[in-house]
$ cat my_file.pdb   # PDB, C-alpha atoms and all ligand atoms
ATOM      1  CA  MET A   1    -107.427 -26.221  16.559
ATOM      2  CA  LEU A   2    -109.585 -29.024  15.234
ATOM      3  CA  LYS A   3    -110.622 -26.879  12.301
ATOM      4  CA  LYS A   4    -106.991 -26.176  11.478
ATOM      5  CA  LEU A   5    -106.094 -29.862  11.648
ATOM      6  CA  LEU A   6    -109.005 -30.672   9.400
ATOM      7  CA  SER A   7    -107.970 -28.132   6.775
ATOM      8  CA  VAL A   8    -104.370 -29.436   6.836
ATOM      9  CA  PHE A   9    -105.719 -32.950   6.401
ATOM     10  CA  LEU A  10    -107.937 -31.885   3.505
ATOM     11  CA  PHE A  11    -105.034 -30.099   1.883
ATOM     12  CA  LEU A  12    -102.790 -33.190   2.144
ATOM     13  CA  PHE A  13    -105.624 -35.367   0.853
ATOM     14  CA  LEU A  14    -106.030 -33.111  -2.176
ATOM     15  CA  ILE A  15    -102.281 -33.328  -2.918
ATOM     16  CA  PHE A  16    -102.523 -37.112  -2.599
ATOM     17  CA  ILE A  17    -105.441 -37.271  -5.073
ATOM     18  CA  ILE A  18    -103.656 -35.049  -7.605
ATOM     19  CA  LEU A  19    -100.439 -37.088  -7.398
ATOM     20  CA  THR A  20    -102.389 -40.346  -7.692
ATOM     21  CA  LEU A  21    -104.264 -39.172 -10.794
ATOM     22  CA  TYR A  22    -101.024 -37.953 -12.310
ATOM     23  CA  PHE A  23     -99.218 -41.250 -11.781
ATOM     24  CA  ILE A  24    -102.167 -43.516 -12.624
ATOM     25  CA  ASP A  25    -102.195 -42.107 -16.135
ATOM     26  CA  LYS A  26     -98.424 -42.255 -16.511
ATOM     27  CA  GLU A  27     -97.994 -45.718 -15.088
ATOM     28  CA  TYR A  28     -98.867 -47.722 -18.191
ATOM     29  CA  ILE A  29    -100.234 -47.598 -21.691
ATOM     30  CA  LEU A  30    -103.792 -48.812 -22.045
ATOM     31  CA  CYS A  31    -104.710 -50.995 -25.041
ATOM     32  CA  PRO A  32    -106.892 -48.676 -27.183
ATOM     33  CA  ILE A  33    -109.183 -51.585 -28.123
ATOM     34  CA  GLU A  34    -110.907 -53.517 -25.363
ATOM     35  CA  TYR A  35    -110.504 -57.276 -25.735
ATOM     36  CA  LYS A  36    -112.298 -59.971 -23.782
ATOM     37  CA  GLU A  37    -109.259 -62.222 -23.567
ATOM     38  CA  GLN A  38    -106.097 -61.417 -25.474
ATOM     39  CA  LEU A  39    -105.414 -58.797 -28.086
ATOM     40  CA  LEU A  40    -105.679 -59.825 -31.738
ATOM     41  CA  ILE A  41    -103.315 -58.725 -34.486
ATOM     42  CA  ARG A  42    -104.676 -58.492 -37.999
ATOM     43  CA  ASN A  43    -103.321 -61.216 -40.303
ATOM     44  CA  ASP A  44    -104.829 -61.529 -43.794
ATOM     45  CA  ARG A  45    -103.611 -62.208 -47.322
ATOM     46  CA  MET A  46    -102.788 -58.514 -47.735
ATOM     47  CA  GLY A  47    -100.211 -58.749 -44.969
ATOM     48  CA  SER A  48     -99.374 -59.015 -41.299
ATOM     49  CA  GLY A  49    -100.291 -56.356 -38.799
ATOM     50  CA  ALA A  50     -97.140 -56.913 -36.743
ATOM     51  CA  PHE A  51     -94.676 -54.147 -35.961
ATOM     52  CA  GLY A  52     -91.884 -53.999 -38.549
ATOM     53  CA  ALA A  53     -93.802 -56.034 -41.182
ATOM     54  CA  LEU A  54     -92.812 -55.213 -44.755
ATOM     55  CA  ARG A  55     -95.098 -52.901 -46.699
ATOM     56  CA  ALA A  56     -95.245 -51.743 -50.323
ATOM     57  CA  GLY A  57     -92.178 -49.804 -51.398
ATOM     58  CA  ASN A  58     -89.931 -51.498 -48.801
ATOM     59  CA  ARG A  59     -91.575 -49.463 -46.082
ATOM     60  CA  LEU A  60     -91.721 -50.978 -42.594
ATOM     61  CA  HIS A  61     -94.969 -51.093 -40.622
ATOM     62  CA  GLU A  62     -94.459 -48.540 -37.857
ATOM     63  CA  GLY A  63     -97.241 -49.754 -35.585
ATOM     64  CA  ILE A  64     -99.507 -52.722 -34.954
ATOM     65  CA  ASP A  65    -102.913 -53.501 -36.447
ATOM     66  CA  LEU A  66    -105.349 -54.363 -33.680
ATOM     67  CA  TYR A  67    -108.142 -56.457 -35.155
ATOM     68  CA  ALA A  68    -111.557 -54.988 -34.301
ATOM     69  CA  LEU A  69    -114.988 -54.700 -35.864
ATOM     70  CA  ILE A  70    -115.953 -51.452 -37.554
ATOM     71  CA  GLY A  71    -117.535 -49.110 -35.029
ATOM     72  CA  THR A  72    -115.540 -50.416 -32.035
ATOM     73  CA  ASP A  73    -114.572 -47.727 -29.512
ATOM     74  CA  VAL A  74    -111.000 -46.462 -29.784
ATOM     75  CA  LYS A  75    -109.661 -45.295 -26.407
ATOM     76  CA  ALA A  76    -106.821 -42.945 -25.571
ATOM     77  CA  ALA A  77    -103.880 -45.106 -24.457
ATOM     78  CA  SER A  78    -102.741 -42.464 -21.992
ATOM     79  CA  PHE A  79    -103.456 -38.933 -20.846
ATOM     80  CA  GLY A  80    -102.432 -36.459 -23.527
ATOM     81  CA  LEU A  81    -102.946 -33.574 -25.890
ATOM     82  CA  VAL A  82    -104.586 -33.998 -29.306
ATOM     83  CA  VAL A  83    -101.989 -32.688 -31.784
ATOM     84  CA  GLU A  84    -103.521 -34.061 -34.991
ATOM     85  CA  ALA A  85    -107.066 -35.096 -35.890
ATOM     86  CA  GLY A  86    -107.782 -35.295 -39.593
ATOM     87  CA  PHE A  87    -107.287 -37.213 -42.819
ATOM     88  CA  HIS A  88    -104.074 -38.724 -44.153
ATOM     89  CA  LYS A  89    -103.779 -40.602 -47.475
ATOM     90  CA  ARG A  90    -102.351 -43.758 -45.868
ATOM     91  CA  LEU A  91    -103.771 -43.577 -42.321
ATOM     92  CA  GLY A  92    -107.240 -42.378 -43.338
ATOM     93  CA  TYR A  93    -108.999 -40.585 -40.505
ATOM     94  CA  TYR A  94    -106.460 -40.525 -37.684
ATOM     95  CA  VAL A  95    -105.650 -38.977 -34.315
ATOM     96  CA  GLU A  96    -102.261 -38.256 -32.812
ATOM     97  CA  LEU A  97    -101.896 -37.689 -29.072
ATOM     98  CA  ARG A  98     -98.832 -36.279 -27.324
ATOM     99  CA  HIS A  99     -98.140 -37.605 -23.827
ATOM    100  CA  PRO A 100     -95.756 -36.622 -21.047
ATOM    101  CA  GLY A 101     -92.277 -38.153 -21.215
ATOM    102  CA  GLY A 102     -91.690 -37.770 -24.965
ATOM    103  CA  LEU A 103     -94.329 -40.334 -25.911
ATOM    104  CA  SER A 104     -96.902 -39.986 -28.644
ATOM    105  CA  THR A 105     -99.573 -42.356 -29.954
ATOM    106  CA  ILE A 106    -101.273 -42.559 -33.355
ATOM    107  CA  TYR A 107    -104.643 -44.144 -34.142
ATOM    108  CA  GLY A 108    -105.384 -44.788 -37.825
ATOM    109  CA  HIS A 109    -108.128 -45.902 -40.281
ATOM    110  CA  LEU A 110    -110.907 -44.518 -38.049
ATOM    111  CA  SER A 111    -114.494 -44.172 -39.290
ATOM    112  CA  ASN A 112    -115.181 -41.219 -37.013
ATOM    113  CA  ILE A 113    -113.130 -38.816 -34.931
ATOM    114  CA  LEU A 114    -114.562 -37.459 -31.682
ATOM    115  CA  VAL A 115    -111.750 -35.099 -30.634
ATOM    116  CA  LYS A 116    -110.239 -31.853 -31.873
ATOM    117  CA  PRO A 117    -106.628 -30.639 -31.926
ATOM    118  CA  GLY A 118    -105.777 -28.701 -28.771
ATOM    119  CA  SER A 119    -107.956 -30.781 -26.442
ATOM    120  CA  TRP A 120    -106.559 -32.619 -23.433
ATOM    121  CA  ILE A 121    -107.758 -36.192 -23.288
ATOM    122  CA  ARG A 122    -107.958 -38.469 -20.285
ATOM    123  CA  GLN A 123    -106.681 -42.015 -20.494
ATOM    124  CA  GLY A 124    -109.428 -44.399 -21.604
ATOM    125  CA  SER A 125    -111.732 -41.780 -23.075
ATOM    126  CA  ILE A 126    -113.145 -42.573 -26.513
ATOM    127  CA  ILE A 127    -111.425 -40.582 -29.268
ATOM    128  CA  GLY A 128    -113.108 -42.222 -32.266
ATOM    129  CA  TYR A 129    -114.335 -45.469 -33.820
ATOM    130  CA  VAL A 130    -112.661 -48.214 -35.833
ATOM    131  CA  GLY A 131    -113.145 -47.843 -39.582
ATOM    132  CA  LYS A 132    -111.569 -48.778 -42.907
ATOM    133  CA  THR A 133    -110.290 -45.450 -44.156
ATOM    134  CA  GLY A 134    -106.987 -44.744 -45.904
ATOM    135  CA  ASN A 135    -105.127 -47.792 -47.197
ATOM    136  CA  ALA A 136    -107.212 -50.135 -45.018
ATOM    137  CA  ARG A 137    -110.161 -49.532 -47.363
ATOM    138  CA  TYR A 138    -109.547 -52.663 -49.509
ATOM    139  CA  PRO A 139    -112.141 -55.400 -48.880
ATOM    140  CA  ALA A 140    -109.432 -58.092 -48.383
ATOM    141  CA  ILE A 141    -107.981 -56.206 -45.412
ATOM    142  CA  GLN A 142    -109.542 -57.133 -42.076
ATOM    143  CA  PRO A 143    -110.979 -54.203 -40.134
ATOM    144  CA  HIS A 144    -108.475 -52.995 -37.557
ATOM    145  CA  LEU A 145    -107.050 -50.075 -35.644
ATOM    146  CA  HIS A 146    -103.580 -49.031 -36.762
ATOM    147  CA  PHE A 147    -101.847 -48.110 -33.493
ATOM    148  CA  GLU A 148     -98.418 -46.526 -33.142
ATOM    149  CA  ILE A 149     -96.347 -45.531 -30.140
ATOM    150  CA  ARG A 150     -93.435 -43.173 -30.644
ATOM    151  CA  LYS A 151     -90.737 -42.355 -28.138
ATOM    152  CA  ASP A 152     -89.051 -39.036 -28.997
ATOM    153  CA  GLY A 153     -90.477 -39.426 -32.509
ATOM    154  CA  ILE A 154     -89.113 -42.943 -33.094
ATOM    155  CA  PRO A 155     -91.663 -45.765 -33.526
ATOM    156  CA  ILE A 156     -91.422 -48.513 -30.894
ATOM    157  CA  ASP A 157     -93.243 -51.867 -30.821
ATOM    158  CA  PRO A 158     -96.576 -51.292 -29.052
ATOM    159  CA  ILE A 159     -96.830 -55.004 -28.206
ATOM    160  CA  LYS A 160     -93.743 -54.757 -26.010
ATOM    161  CA  VAL A 161     -95.199 -51.741 -24.235
ATOM    162  CA  LEU A 162     -98.652 -53.335 -23.821
ATOM    163  CA  GLU A 163     -97.230 -56.644 -22.570
ATOM    164  CA  GLY A 164     -94.607 -55.066 -20.356
ATOM    165  CA  ARG A 165     -97.047 -53.061 -18.295
TER     166      ARG A 165
HETATM  167 ZN    ZN B 201    -101.118 -50.645 -39.712
END
$ encode --input "my_file.pdb" --output "structure tokens"
Amino acid sequence: MLKKLLSVFLFLFLIFIILTLYFIDKEYILCPIEYKEQLLIRNDRMGSGAFGALRAGNRLHEGIDLYALIGTDVKAASFGLVVEAGFHKRLGYYVELRHPGGLSTIYGHLSNILVKPGSWIRQGSIIGYVGKTGNARYPAIQPHLHFEIRKDGIPIDPIKVLEGR
């Protein structure tokens, strides 16, 4: 009897742990760069790193530029699948993760990539390091992580997501 109760308890406990892990990762989006106080957006004479800022050719900035020194850890904002990890003319070395709920995140201008397409990544694990690749390579541009969040493929302002958590 006691043994049976114990196994039922263990079973329920396991369910509880699984549900908790599942919801912990879905609850909020983690800032991919760790800041001591508040997050810093790149702002130099080459432009603003804000979402929607104007870029060459009337293009709008589809993410935010999180100021960070070269070599800083870049962390997965949420649990997800690596769908892209490679080089892009504009983004340089970049990673794209697909998350549950139609969300995806993009991390650009990396110096190094630590993950491969097809891998599942836990929230907070290091996927690469800040660099100056792609169109962030110009000396006048402050080192930063280009970070995008897309909902059903449409870019949304990451600041709103990060502040609204
Ligand atoms: Zn950017």
$ residues_near_ligand --input "my_file.pdb" --ligand "ligand ZN 201 (chain B)" --cutoff "10 Å" --atoms "all atoms listed in the file" --output "number ranges by chain"
A: 41-42, 47-53, 55, 60-66, 90-91, 107-109, 135-136, 144-148
$ write_last_selection --input "my_file.pdb" --atoms "C-alpha atoms" --output "compact mmCIF listing (two decimals), keeping the file's coordinate frame"
# COMPACT_ATOMS: atom_id res chain seq x y z
CA ILE A 41 -103.32 -58.72 -34.49
CA ARG A 42 -104.68 -58.49 -38.00
CA GLY A 47 -100.21 -58.75 -44.97
CA SER A 48 -99.37 -59.02 -41.30
CA GLY A 49 -100.29 -56.36 -38.80
CA ALA A 50 -97.14 -56.91 -36.74
CA PHE A 51 -94.68 -54.15 -35.96
CA GLY A 52 -91.88 -54.00 -38.55
CA ALA A 53 -93.80 -56.03 -41.18
CA ARG A 55 -95.10 -52.90 -46.70
CA LEU A 60 -91.72 -50.98 -42.59
CA HIS A 61 -94.97 -51.09 -40.62
CA GLU A 62 -94.46 -48.54 -37.86
CA GLY A 63 -97.24 -49.75 -35.58
CA ILE A 64 -99.51 -52.72 -34.95
CA ASP A 65 -102.91 -53.50 -36.45
CA LEU A 66 -105.35 -54.36 -33.68
CA ARG A 90 -102.35 -43.76 -45.87
CA LEU A 91 -103.77 -43.58 -42.32
CA TYR A 107 -104.64 -44.14 -34.14
CA GLY A 108 -105.38 -44.79 -37.83
CA HIS A 109 -108.13 -45.90 -40.28
CA ASN A 135 -105.13 -47.79 -47.20
CA ALA A 136 -107.21 -50.14 -45.02
CA HIS A 144 -108.48 -53.00 -37.56
CA LEU A 145 -107.05 -50.08 -35.64
CA HIS A 146 -103.58 -49.03 -36.76
CA PHE A 147 -101.85 -48.11 -33.49
CA GLU A 148 -98.42 -46.53 -33.14
$ atom_distance --input "my_file.pdb" --atom1 "atom CA of Arg137 of chain A" --atom2 "atom CA of Pro158 of chain A"
22.9 Å
$ closest_atom_pairs --input "my_file.pdb" --of "segment 48-101 of chain A" --to "segment 117-129 of chain A" --cutoff "8 Å" --atoms "all atoms listed in the file" --output "Markdown table"
| residue | atom | partner | partner_atom | distance |
| --- | --- | --- | --- | --- |
| A:Ile70 | CA | A:Tyr129 | CA | 7.2 |
| A:Gly71 | CA | A:Tyr129 | CA | 5.0 |
| A:Thr72 | CA | A:Tyr129 | CA | 5.4 |
| A:Asp73 | CA | A:Tyr129 | CA | 4.9 |
| A:Val74 | CA | A:Tyr129 | CA | 5.3 |
| A:Lys75 | CA | A:Ile126 | CA | 4.4 |
| A:Ala76 | CA | A:Gly124 | CA | 5.0 |
| A:Ala77 | CA | A:Gln123 | CA | 5.8 |
| A:Ser78 | CA | A:Gln123 | CA | 4.2 |
| A:Phe79 | CA | A:Gln123 | CA | 4.5 |
| A:Gly80 | CA | A:Ile121 | CA | 5.3 |
| A:Leu81 | CA | A:Trp120 | CA | 4.5 |
| A:Val82 | CA | A:Pro117 | CA | 4.7 |
| A:Val83 | CA | A:Pro117 | CA | 5.1 |
| A:Glu84 | CA | A:Pro117 | CA | 5.5 |
| A:Ala85 | CA | A:Pro117 | CA | 6.0 |
| A:Val95 | CA | A:Ile127 | CA | 7.8 |
$ resolve_selection --input "my_file.pdb" --expression "the PyMOL selection byres (((chain A and resi 160-164) around 8) and not hetatm)" --output "PDB file with C-alpha atoms, in the coordinates of the input"
ATOM      1  CA  TYR A  28     -98.867 -47.722 -18.191  1.00  0.00           C
ATOM      2  CA  ILE A  29    -100.234 -47.598 -21.691  1.00  0.00           C
ATOM      3  CA  LEU A  30    -103.792 -48.812 -22.045  1.00  0.00           C
ATOM      4  CA  CYS A  31    -104.710 -50.995 -25.041  1.00  0.00           C
ATOM      5  CA  ASP A 157     -93.243 -51.867 -30.821  1.00  0.00           C
ATOM      6  CA  PRO A 158     -96.576 -51.292 -29.052  1.00  0.00           C
ATOM      7  CA  ILE A 159     -96.830 -55.004 -28.206  1.00  0.00           C
ATOM      8  CA  ARG A 165     -97.047 -53.061 -18.295  1.00  0.00           C
TER       9      ARG A 165
END
$ atom_distance --input "my_file.pdb" --atom1 "atom CA of Phe16 of chain A" --atom2 "atom CA of Gly101 of chain A"
21.3 Å
$ residues_near_point --input "my_file.pdb" --point "(-110.0, -58.9, -43.6)" --cutoff "10 Å" --atoms "all atoms listed in the file" --output "list in words"
Arg42, Asn43, Asp44, Arg45, Met46, Gly47, Tyr67, Ala136, Tyr138, Pro139, Ala140, Ile141, Gln142, Pro143 and His144 of chain A
$ closest_residue --input "my_file.pdb" --among "A:Val115, A:Met1, A:Leu14, A:Ala68" --to "Glu34 of chain A" --atoms "all atoms listed in the file"
A:Ala68
$ atom_distance --input "my_file.pdb" --atom1 "atom CA of Gly153 of chain A" --atom2 "atom CA of Tyr94 of chain A"
16.8 Å
$ residues_around --input "my_file.pdb" --residues "Leu103 of chain A" --least-positions-apart "6" --cutoff "8 Å" --atoms "all atoms listed in the file" --output "VMD selection string"
chain A and resid 149 to 153
$ closest_residue --input "my_file.pdb" --among "A:Ile18, A:Leu69, A:Ile154, A:Val130" --to "Gly102 of chain A" --atoms "only C-alpha atoms"
A:Ile154
$ decode --input "my_file.pdb" --residues "segment 78-112 of chain A" --atoms "N, CA and C atoms" --output "PDB file, in the first residue's frame"
ATOM      1  N   SER A  78      14.853  31.847 -25.428  1.00  0.00           N
ATOM      2  CA  SER A  78      13.815  30.908 -25.017  1.00  0.00           C
ATOM      3  C   SER A  78      14.183  29.524 -25.552  1.00  0.00           C
ATOM      4  N   PHE A  79      13.509  28.528 -25.031  1.00  0.00           N
ATOM      5  CA  PHE A  79      13.700  27.162 -25.515  1.00  0.00           C
ATOM      6  C   PHE A  79      13.324  27.089 -26.998  1.00  0.00           C
ATOM      7  N   GLY A  80      14.140  26.420 -27.802  1.00  0.00           N
ATOM      8  CA  GLY A  80      13.774  26.336 -29.212  1.00  0.00           C
ATOM      9  C   GLY A  80      14.694  25.475 -30.055  1.00  0.00           C
ATOM     10  N   LEU A  81      14.330  25.409 -31.326  1.00  0.00           N
ATOM     11  CA  LEU A  81      15.059  24.613 -32.304  1.00  0.00           C
ATOM     12  C   LEU A  81      15.923  25.535 -33.161  1.00  0.00           C
ATOM     13  N   VAL A  82      17.183  25.142 -33.381  1.00  0.00           N
ATOM     14  CA  VAL A  82      18.053  25.915 -34.273  1.00  0.00           C
ATOM     15  C   VAL A  82      17.616  25.629 -35.712  1.00  0.00           C
ATOM     16  N   VAL A  83      17.126  26.653 -36.427  1.00  0.00           N
ATOM     17  CA  VAL A  83      16.712  26.446 -37.812  1.00  0.00           C
ATOM     18  C   VAL A  83      17.745  27.001 -38.791  1.00  0.00           C
ATOM     19  N   GLU A  84      18.517  27.994 -38.361  1.00  0.00           N
ATOM     20  CA  GLU A  84      19.585  28.526 -39.202  1.00  0.00           C
ATOM     21  C   GLU A  84      20.798  28.798 -38.319  1.00  0.00           C
ATOM     22  N   ALA A  85      21.978  28.504 -38.850  1.00  0.00           N
ATOM     23  CA  ALA A  85      23.232  28.853 -38.178  1.00  0.00           C
ATOM     24  C   ALA A  85      24.269  28.949 -39.289  1.00  0.00           C
ATOM     25  N   GLY A  86      24.589  30.170 -39.695  1.00  0.00           N
ATOM     26  CA  GLY A  86      25.505  30.318 -40.814  1.00  0.00           C
ATOM     27  C   GLY A  86      25.848  31.760 -41.076  1.00  0.00           C
ATOM     28  N   PHE A  87      26.186  32.067 -42.330  1.00  0.00           N
ATOM     29  CA  PHE A  87      26.610  33.422 -42.678  1.00  0.00           C
ATOM     30  C   PHE A  87      25.609  34.066 -43.625  1.00  0.00           C
ATOM     31  N   HIS A  88      25.338  35.342 -43.364  1.00  0.00           N
ATOM     32  CA  HIS A  88      24.422  36.134 -44.176  1.00  0.00           C
ATOM     33  C   HIS A  88      25.141  37.461 -44.445  1.00  0.00           C
ATOM     34  N   LYS A  89      25.030  37.981 -45.657  1.00  0.00           N
ATOM     35  CA  LYS A  89      25.743  39.188 -46.066  1.00  0.00           C
ATOM     36  C   LYS A  89      25.557  40.341 -45.067  1.00  0.00           C
ATOM     37  N   ARG A  90      24.316  40.565 -44.664  1.00  0.00           N
ATOM     38  CA  ARG A  90      23.990  41.694 -43.779  1.00  0.00           C
ATOM     39  C   ARG A  90      24.167  41.322 -42.295  1.00  0.00           C
ATOM     40  N   LEU A  91      23.681  40.150 -41.920  1.00  0.00           N
ATOM     41  CA  LEU A  91      23.700  39.739 -40.504  1.00  0.00           C
ATOM     42  C   LEU A  91      25.043  39.151 -40.062  1.00  0.00           C
ATOM     43  N   GLY A  92      25.915  38.840 -41.016  1.00  0.00           N
ATOM     44  CA  GLY A  92      27.168  38.173 -40.664  1.00  0.00           C
ATOM     45  C   GLY A  92      26.875  36.769 -40.161  1.00  0.00           C
ATOM     46  N   TYR A  93      27.673  36.310 -39.198  1.00  0.00           N
ATOM     47  CA  TYR A  93      27.377  35.000 -38.608  1.00  0.00           C
ATOM     48  C   TYR A  93      26.137  35.166 -37.726  1.00  0.00           C
ATOM     49  N   TYR A  94      25.130  34.323 -37.970  1.00  0.00           N
ATOM     50  CA  TYR A  94      23.865  34.494 -37.263  1.00  0.00           C
ATOM     51  C   TYR A  94      23.229  33.152 -36.944  1.00  0.00           C
ATOM     52  N   VAL A  95      22.312  33.194 -35.984  1.00  0.00           N
ATOM     53  CA  VAL A  95      21.554  32.004 -35.570  1.00  0.00           C
ATOM     54  C   VAL A  95      20.080  32.385 -35.558  1.00  0.00           C
ATOM     55  N   GLU A  96      19.251  31.480 -36.040  1.00  0.00           N
ATOM     56  CA  GLU A  96      17.807  31.670 -35.902  1.00  0.00           C
ATOM     57  C   GLU A  96      17.241  30.498 -35.136  1.00  0.00           C
ATOM     58  N   LEU A  97      16.463  30.809 -34.086  1.00  0.00           N
ATOM     59  CA  LEU A  97      15.804  29.774 -33.286  1.00  0.00           C
ATOM     60  C   LEU A  97      14.304  29.855 -33.494  1.00  0.00           C
ATOM     61  N   ARG A  98      13.655  28.699 -33.566  1.00  0.00           N
ATOM     62  CA  ARG A  98      12.192  28.652 -33.633  1.00  0.00           C
ATOM     63  C   ARG A  98      11.659  28.151 -32.300  1.00  0.00           C
ATOM     64  N   HIS A  99      10.683  28.902 -31.756  1.00  0.00           N
ATOM     65  CA  HIS A  99      10.140  28.601 -30.431  1.00  0.00           C
ATOM     66  C   HIS A  99       8.672  28.198 -30.539  1.00  0.00           C
ATOM     67  N   PRO A 100       8.145  27.584 -29.481  1.00  0.00           N
ATOM     68  CA  PRO A 100       6.717  27.260 -29.503  1.00  0.00           C
ATOM     69  C   PRO A 100       5.883  28.543 -29.596  1.00  0.00           C
ATOM     70  N   GLY A 101       4.687  28.450 -30.104  1.00  0.00           N
ATOM     71  CA  GLY A 101       3.781  29.594 -30.145  1.00  0.00           C
ATOM     72  C   GLY A 101       4.011  30.539 -31.309  1.00  0.00           C
ATOM     73  N   GLY A 102       4.671  30.071 -32.373  1.00  0.00           N
ATOM     74  CA  GLY A 102       4.866  30.913 -33.556  1.00  0.00           C
ATOM     75  C   GLY A 102       5.945  31.973 -33.417  1.00  0.00           C
ATOM     76  N   LEU A 103       6.757  31.858 -32.367  1.00  0.00           N
ATOM     77  CA  LEU A 103       7.831  32.839 -32.166  1.00  0.00           C
ATOM     78  C   LEU A 103       9.137  32.341 -32.753  1.00  0.00           C
ATOM     79  N   SER A 104       9.935  33.291 -33.282  1.00  0.00           N
ATOM     80  CA  SER A 104      11.306  32.944 -33.622  1.00  0.00           C
ATOM     81  C   SER A 104      12.207  34.100 -33.226  1.00  0.00           C
ATOM     82  N   THR A 105      13.483  33.800 -32.981  1.00  0.00           N
ATOM     83  CA  THR A 105      14.444  34.838 -32.607  1.00  0.00           C
ATOM     84  C   THR A 105      15.676  34.705 -33.484  1.00  0.00           C
ATOM     85  N   ILE A 106      16.289  35.874 -33.788  1.00  0.00           N
ATOM     86  CA  ILE A 106      17.469  35.925 -34.647  1.00  0.00           C
ATOM     87  C   ILE A 106      18.577  36.699 -33.920  1.00  0.00           C
ATOM     88  N   TYR A 107      19.789  36.173 -34.022  1.00  0.00           N
ATOM     89  CA  TYR A 107      20.949  36.735 -33.335  1.00  0.00           C
ATOM     90  C   TYR A 107      22.014  36.994 -34.399  1.00  0.00           C
ATOM     91  N   GLY A 108      22.368  38.264 -34.628  1.00  0.00           N
ATOM     92  CA  GLY A 108      23.269  38.575 -35.735  1.00  0.00           C
ATOM     93  C   GLY A 108      24.592  39.207 -35.352  1.00  0.00           C
ATOM     94  N   HIS A 109      25.525  39.225 -36.311  1.00  0.00           N
ATOM     95  CA  HIS A 109      26.883  39.806 -36.213  1.00  0.00           C
ATOM     96  C   HIS A 109      27.771  39.049 -35.229  1.00  0.00           C
ATOM     97  N   LEU A 110      27.525  37.754 -35.048  1.00  0.00           N
ATOM     98  CA  LEU A 110      28.299  36.962 -34.086  1.00  0.00           C
ATOM     99  C   LEU A 110      29.746  36.771 -34.567  1.00  0.00           C
ATOM    100  N   SER A 111      30.654  36.529 -33.612  1.00  0.00           N
ATOM    101  CA  SER A 111      32.033  36.202 -33.980  1.00  0.00           C
ATOM    102  C   SER A 111      32.179  34.688 -34.115  1.00  0.00           C
ATOM    103  N   ASN A 112      31.384  33.977 -33.342  1.00  0.00           N
ATOM    104  CA  ASN A 112      31.441  32.519 -33.302  1.00  0.00           C
ATOM    105  C   ASN A 112      30.062  31.950 -33.071  1.00  0.00           C
TER     106      ASN A 112
END
